[in-house]
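Just model.cif here, mmCIF, C-alpha atoms:
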data_coords
loop_
_atom_site.label_atom_id
_atom_site.label_comp_id
_atom_site.auth_asym_id
_atom_site.auth_seq_id
_atom_site.Cartn_x
_atom_site.Cartn_y
_atom_site.Cartn_z
CA MET A 215 0.00 0.00 0.00
CA THR A 216 1.36 3.40 -1.02
CA THR A 217 0.94 6.20 1.49
CA PRO A 218 -0.48 9.28 -0.25
CA PHE A 219 1.11 12.68 -0.04
CA PHE A 220 -0.74 15.53 1.59
CA GLN A 221 -3.19 17.38 -0.65
CA PRO A 222 -4.73 20.72 0.36
CA ASN A 223 -8.48 20.49 0.94
CA ALA A 224 -10.83 23.46 1.10
CA ASN A 225 -13.26 21.51 3.30
CA ILE A 226 -11.96 22.46 6.72
CA VAL A 227 -12.47 20.15 9.69
CA LYS A 228 -12.75 22.43 12.69
CA PRO A 229 -10.48 21.37 15.56
CA TYR A 230 -11.62 21.49 19.17
CA ALA A 231 -10.08 24.33 21.16
CA LEU A 232 -10.33 23.58 24.90
CA MET A 233 -9.67 26.84 26.64
CA ASP A 234 -9.14 28.08 30.15
CA LEU A 235 -10.52 31.60 30.54
CA ASP A 236 -9.19 33.78 33.37
CA ASP A 237 -5.57 34.88 32.82
CA THR A 238 -5.51 32.95 29.53
CA LEU A 239 -7.98 34.86 27.34
CA PHE A 240 -8.57 37.85 29.63
CA GLN A 241 -7.43 39.29 32.97
CA THR A 242 -8.00 42.14 35.42
CA GLN A 243 -6.44 45.57 35.03
CA ARG A 244 -4.12 44.79 37.95
CA LYS A 245 -2.64 41.84 36.07
CA ILE A 246 -2.47 43.76 32.81
CA ASP A 247 -0.27 46.29 34.60
CA ALA A 248 1.81 43.61 36.35
CA TRP A 249 2.44 41.67 33.15
CA ASP A 250 2.91 44.75 30.94
CA LEU A 251 0.83 43.18 28.17
CA PRO A 252 0.93 44.69 24.66
CA THR A 253 -2.11 46.30 22.97
CA THR A 254 -3.66 47.11 26.35
CA GLU A 255 -3.90 50.87 26.09
CA PRO A 256 -7.18 51.95 27.75
CA GLU A 257 -8.84 52.80 24.45
CA GLN A 258 -7.96 49.35 23.04
CA LEU A 259 -9.25 47.18 25.89
CA VAL A 260 -12.31 44.98 25.38
CA CYS A 261 -14.49 44.16 28.39
CA ALA A 262 -14.71 40.39 28.91
CA THR A 263 -16.29 40.01 32.37
CA VAL A 264 -18.23 42.03 34.92
CA ASN A 265 -18.43 41.84 38.71
CA LYS A 266 -21.55 41.16 40.80
CA GLN A 267 -22.52 44.83 40.44
CA ASP A 268 -22.37 44.46 36.62
CA GLU A 269 -19.27 46.68 36.41
CA PRO A 270 -16.37 45.85 34.05
CA LEU A 271 -13.87 43.58 35.81
CA SER A 272 -11.66 41.72 33.32
CA PHE A 273 -10.43 42.80 29.93
CA MET A 274 -9.01 41.45 26.69
CA SER A 275 -6.14 43.13 24.90
CA GLN A 276 -6.55 43.74 21.18
CA ARG A 277 -4.36 40.70 20.55
CA GLN A 278 -6.44 38.52 22.87
CA ALA A 279 -9.66 39.74 21.25
CA ALA A 280 -8.25 38.92 17.82
CA LEU A 281 -7.25 35.43 19.02
CA PHE A 282 -10.69 34.83 20.52
CA ASN A 283 -12.40 35.97 17.32
CA TRP A 284 -10.22 33.57 15.31
CA LEU A 285 -11.08 30.73 17.71
CA LEU A 286 -14.81 31.42 17.32
CA ALA A 287 -14.56 31.35 13.52
CA SER A 288 -12.10 28.48 13.09
CA THR A 289 -12.66 26.03 15.96
CA GLU A 290 -15.29 24.49 18.19
CA LEU A 291 -14.46 26.31 21.41
CA VAL A 292 -14.90 24.27 24.59
CA VAL A 293 -14.70 26.26 27.84
CA VAL A 294 -12.64 24.64 30.64
CA THR A 295 -12.70 26.86 33.71
CA ALA A 296 -12.72 27.03 37.50
CA ARG A 297 -15.71 29.38 37.27
CA ASP A 298 -18.99 27.96 38.54
CA ARG A 299 -22.44 28.27 36.95
CA SER A 300 -23.05 31.66 38.54
CA GLU A 301 -19.61 33.07 37.74
CA ILE A 302 -19.66 31.97 34.09
CA LYS A 303 -22.73 34.17 33.53
CA ARG A 304 -20.55 37.20 34.25
CA VAL A 305 -18.31 36.34 31.29
CA LYS A 306 -19.64 38.46 28.42
CA LEU A 307 -18.33 36.32 25.58
CA PRO A 308 -20.31 34.06 23.22
CA PHE A 309 -19.93 30.30 23.83
CA ASP A 310 -21.91 27.69 21.92
CA SER A 311 -20.30 24.34 22.73
CA TRP A 312 -19.55 22.23 25.80
CA GLN A 313 -18.56 23.98 29.00
CA VAL A 314 -16.50 22.38 31.77
CA LEU A 315 -17.11 24.44 34.92
CA THR A 316 -16.22 24.49 38.63
CA HIS A 317 -12.80 22.85 38.16
CA GLY A 318 -14.49 19.98 36.28
CA ALA A 319 -17.36 19.19 38.67
CA ILE A 320 -19.94 20.55 36.21
CA ILE A 321 -20.32 19.82 32.50
CA LEU A 322 -22.87 21.76 30.47
CA SER A 323 -23.92 20.49 27.05
CA LYS A 324 -24.19 22.68 23.96
CA ASP A 325 -27.76 23.63 24.90
CA GLY A 326 -26.66 24.70 28.39
CA LYS A 327 -28.08 21.69 30.24
CA LEU A 328 -26.27 19.65 32.87
CA GLN A 329 -24.71 16.48 31.50
CA ALA A 330 -26.76 13.86 33.38
CA GLN A 331 -24.22 11.01 33.46
CA TRP A 332 -21.46 13.28 34.75
CA GLN A 333 -23.80 14.90 37.26
CA GLN A 334 -24.68 11.48 38.71
CA HIS A 335 -21.00 10.49 38.81
CA MET A 336 -20.04 13.67 40.66
CA HIS A 337 -22.90 13.23 43.12
CA ASP A 338 -21.62 9.75 43.98
CA GLN A 339 -18.09 11.11 44.47
CA LEU A 340 -18.99 14.23 46.47
CA ALA A 341 -21.74 12.94 48.76
CA PRO A 342 -19.38 10.88 51.01
CA LEU A 343 -17.12 13.94 51.49
CA GLN A 344 -19.77 16.38 52.70
CA ASN A 345 -19.02 15.89 56.40
CA LYS A 346 -15.32 16.58 55.88
CA LEU A 347 -16.05 19.60 53.68
CA ASN A 348 -18.40 20.92 56.38
CA GLN A 349 -15.68 20.38 59.01
CA LEU A 350 -13.22 22.34 56.89
CA SER A 351 -15.79 25.07 56.32
CA GLN A 352 -16.20 25.48 60.08
CA VAL A 353 -12.44 25.54 60.59
CA PHE A 354 -12.06 28.36 58.08
CA ALA A 355 -14.99 30.29 59.44
CA ASN A 356 -13.25 30.27 62.84
CA TYR A 357 -9.81 30.85 61.26
CA SER A 358 -11.09 33.94 59.44
CA LYS A 359 -12.38 35.42 62.68
CA SER A 360 -9.11 34.81 64.52
CA ASP A 361 -7.13 36.20 61.57
CA GLY A 362 -8.98 39.49 61.70
CA SER A 363 -11.05 38.58 58.61
CA GLN A 364 -8.03 38.80 56.32
CA LEU A 365 -9.06 35.51 54.74
CA VAL A 366 -12.13 35.58 52.51
CA PHE A 367 -13.68 32.11 52.55
CA THR A 368 -16.22 30.90 49.95
CA PRO A 369 -17.75 27.42 49.70
CA HIS A 370 -18.80 26.51 46.14
CA ILE A 371 -22.11 24.66 46.15
CA ASP A 372 -24.25 23.27 43.33
CA SER A 373 -27.18 20.93 42.74
CA PHE A 374 -26.51 17.32 41.74
CA HIS A 375 -29.10 14.83 40.53
CA ASN A 376 -29.38 11.54 42.39
CA GLY A 377 -32.13 9.37 40.97
CA SER A 378 -35.28 11.50 41.31
CA VAL A 379 -33.82 13.87 43.91
CA ASP A 380 -31.64 16.98 43.52
CA ALA A 381 -29.09 17.35 46.31
CA GLU A 382 -27.22 20.55 47.18
CA LEU A 383 -23.59 19.55 47.65
CA THR A 384 -20.45 21.48 48.48
CA ILE A 385 -17.96 20.97 45.66
CA TYR A 386 -14.86 22.77 46.92
CA LEU A 387 -13.69 25.54 49.21
CA ALA A 388 -12.03 28.73 47.98
CA ILE A 389 -9.98 31.18 50.03
CA LYS A 390 -8.62 34.59 49.08
CA HIS A 391 -6.60 37.05 51.15
CA ALA A 392 -8.16 40.47 51.60
CA HIS A 393 -4.81 42.19 50.96
CA LYS A 394 -3.61 39.72 48.31
CA ASN A 395 -0.94 38.28 50.62
CA HIS A 396 0.23 35.36 48.49
CA GLN A 397 2.65 34.08 51.12
CA ALA A 398 -0.14 33.88 53.71
CA LEU A 399 -2.05 31.55 51.38
CA ILE A 400 1.04 29.40 50.81
CA ASP A 401 1.58 29.16 54.58
CA LEU A 402 -2.06 28.18 55.05
CA ALA A 403 -1.80 25.52 52.35
CA GLU A 404 1.06 23.89 54.26
CA LYS A 405 -1.10 23.65 57.40
CA LEU A 406 -4.12 22.10 55.72
CA PRO A 407 -3.12 18.40 56.03
CA THR A 408 -3.12 18.78 59.82
CA LEU A 409 -6.71 20.04 60.04
CA ILE A 410 -8.67 16.83 59.46
CA ARG A 411 -7.89 13.12 59.21
CA ASP A 412 -6.84 11.68 55.84
CA PHE A 413 -6.75 15.12 54.25
CA ASP A 414 -4.27 14.13 51.53
CA GLN A 415 -6.24 10.99 50.76
CA ASP A 416 -9.42 12.92 49.96
CA PHE A 417 -8.28 16.39 48.89
CA TYR A 418 -5.66 18.33 47.01
CA VAL A 419 -4.78 22.02 47.20
CA HIS A 420 -4.27 24.43 44.34
CA VAL A 421 -2.73 27.87 44.93
CA ASN A 422 -2.46 30.40 42.12
CA ALA A 423 -1.87 34.09 42.89
CA ASN A 424 -4.58 35.18 45.36
CA ASN A 425 -6.63 32.00 45.03
CA LEU A 426 -6.38 28.94 47.24
CA ALA A 427 -8.73 26.06 46.43
CA ILE A 428 -9.28 22.90 48.47
CA LEU A 429 -10.68 20.33 46.07
CA PRO A 430 -11.79 16.70 46.37
CA ARG A 431 -9.56 14.48 44.27
CA ALA A 432 -12.59 13.52 42.17
CA VAL A 433 -12.92 17.16 41.05
CA HIS A 434 -10.42 18.06 38.34
CA LYS A 435 -10.54 19.58 34.88
CA HIS A 436 -8.57 16.53 33.68
CA HIS A 437 -11.32 14.09 34.69
CA ALA A 438 -14.09 16.10 33.01
CA VAL A 439 -12.14 16.68 29.79
CA LYS A 440 -11.28 12.97 29.58
CA PHE A 441 -14.99 12.17 29.95
CA LEU A 442 -15.81 14.51 27.06
CA LEU A 443 -13.03 13.14 24.87
CA ASP A 444 -14.06 9.54 25.57
CA HIS A 445 -17.83 9.96 25.22
CA HIS A 446 -18.83 13.10 23.34
CA LEU A 447 -16.09 14.65 21.21
CA ASP A 448 -15.27 13.27 17.76
CA SER A 449 -11.97 11.38 18.02
CA GLN A 450 -11.22 12.09 14.34
CA ARG A 451 -11.11 15.83 14.94
CA PRO A 452 -7.85 17.36 16.23
CA SER A 453 -7.76 19.11 19.59
CA PHE A 454 -5.61 21.77 21.16
CA GLY A 455 -5.84 24.06 24.15
CA PHE A 456 -4.34 26.75 26.33
CA GLY A 457 -4.17 27.31 30.08
CA ASP A 458 -2.20 29.52 32.44
CA SER A 459 -1.96 27.48 35.66
CA LEU A 460 -0.29 24.29 36.84
CA ALA A 461 -3.78 22.89 37.46
CA ASP A 462 -4.49 23.21 33.72
CA LEU A 463 -1.56 21.05 32.66
CA PRO A 464 -3.19 17.62 33.29
CA PHE A 465 -6.16 18.39 31.03
CA LEU A 466 -3.94 20.01 28.40
CA GLN A 467 -1.83 16.86 28.21
CA LEU A 468 -4.90 14.93 27.01
CA LEU A 469 -4.97 17.02 23.83
CA ASP A 470 -3.03 16.77 20.57
CA TRP A 471 -1.33 20.11 21.11
CA TYR A 472 -1.29 22.57 23.99
CA GLY A 473 0.28 25.83 25.04
CA MET A 474 0.17 28.71 27.48
CA PRO A 475 0.19 32.52 27.45
CA ASN A 476 3.57 34.17 27.98
CA HIS A 477 2.56 35.15 31.53
CA GLY A 478 1.02 33.42 34.51
CA GLN A 479 1.84 30.47 36.76
CA LEU A 480 2.58 27.82 34.14
CA HIS A 481 4.80 30.17 32.15
CA SER A 482 6.71 31.20 35.29
CA GLU A 483 7.24 27.57 36.29
CA LEU A 484 8.60 26.70 32.84
CA GLN A 485 10.89 29.72 32.85
CA SER A 486 12.34 28.68 36.21
CA GLN A 487 13.28 25.29 34.73
CA LEU A 488 15.04 26.69 31.65
CA GLN A 489 18.61 27.90 31.35
CA PRO A 490 18.83 31.52 30.19
CA LEU A 491 20.09 32.07 26.67
#

Spit out the file's structure as structure tokens when you get a sec.
Amino acid sequence: MTTPFFQPNANIVKPYALMDLDDTLFQTQRKIDAWDLPTTEPEQLVCATVNKQDEPLSFMSQRQAALFNWLLASTELVVVTARDRSEIKRVKLPFDSWQVLTHGAIILSKDGKLQAQWQQHMHDQLAPLQNKLNQLSQVFANYSKSDGSQLVFTPHIDSFHNGSVDAELTIYLAIKHAHKNHQALIDLAEKLPTLIRDFDQDFYVHVNANNLAILPRAVHKHHAVKFLLDHHLDSQRPSFGFGDSLADLPFLQLLDWYGMPNHGQLHSELQSQLQPL
């Protein structure tokens, strides 16, 4: 059998683009200034998200907006984000394919409905951990008071279908520092395994900038993306993606190609491993 040579074909097969959002496609003004991003003059910024008061919060540079527009036209864009179902509504960008939300605990189909099989799976994984998550919640409520309320603690809760009953379950716990003290969050992360029994067996910790997340091991972007690749995405179509954090790397490694913006946690980690030219 003779292997044919490549022949250009005008019938384009759209690849899947599996994309993290915050700090990959847009970011706050504070990070724009810190990273000194190009094409971010005030008159060139494009609003990408709003806060709870419906005020502009995160922005795209002209380059990021051009990239996003190209992705919309040339790929099937699959959102893969830590944002939950409430937070994703504050992203003012058009999405029309699958959405992986809440670090992978939630999968929304193209029509915006919860993926039933995944919802049942996550219910079965999260339900046994509710007591431990409640214990941790109480610990942090007390810790915040003793710390002078410098820690801002938020439990992320959603509804999961179990047979004929919807159950409200805590998915993960998020902590920010009121004054963006990154070292304080790192110090707290080191203490976490001492707070409850078998912490490392049931949970992992992700720290990125002013965000500390305590997540059940069953909750990960990697697990949700693998489910989509195995059961819903066309294996004949190529896939690629981008993410900015170390937590994105496991899901990116499932794809045919992956990359990162030239700023953020993943980029900094790679730079630290490379010898300067």

Please list as a PyMOL selection string every residue within 6 Å of range 433-444 of chain A, counting all atoms listed in the file and excluding residues in the same chain fewer than 3 positions away.
chain A and resi 317-319+430+447+464-465

- Message: With the PyMOL selection byres ((chain A and resi 255) around 12) as the selection, what would be picked from this file? Answer as a VMD selection string, please.
- Response: chain A and resid 243 246 to 247 250 to 254 256 to 260 273 to 277

| So which one's closest to Tyr472 in chain A, A:Met233, A:Val227, A:Leu285, A:Leu322? Using only C-alpha atoms, please. |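 Looking at the shortest contact to Tyr472 in chain A, the residue is A:Met233.
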
Next on the checklist: Show me the residues close to (-22.5, 26.9, 24.4) - anything with an atom within 9 Å, counting only C-alpha atoms - and format the list as a PyMOL selection string.
Outcome noted: chain A and resi 291-293+308-313+322-326

TODO: State, in Å with one decimal place, the distance from CA of Phe417 in chain A to CA of Leu347 in chain A.
DONE: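 Separation between CA of Phe417 in chain A and CA of Leu347 in chain A: 9.7 Å.
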
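Restricting the calculation to all atoms listed in the file, the smallest distance between Gly478 in chain A and any of A:Asn225, A:Asn422, A:Thr408, A:Thr368 is found for A:Asn422.
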
- request: Can you work out which one of A:Gln397, A:Asn376, A:Ser459, A:Asn425 has the shortest atom-to-atom distance to Leu235 in chain A, counting all atoms listed in the file?
  value: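 Closest residue, counting all atoms listed in the file: A:Ser459.
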
What separates CA of Gln352 in chain A and CA of Ala398 in chain A is a distance of 19.2 Å
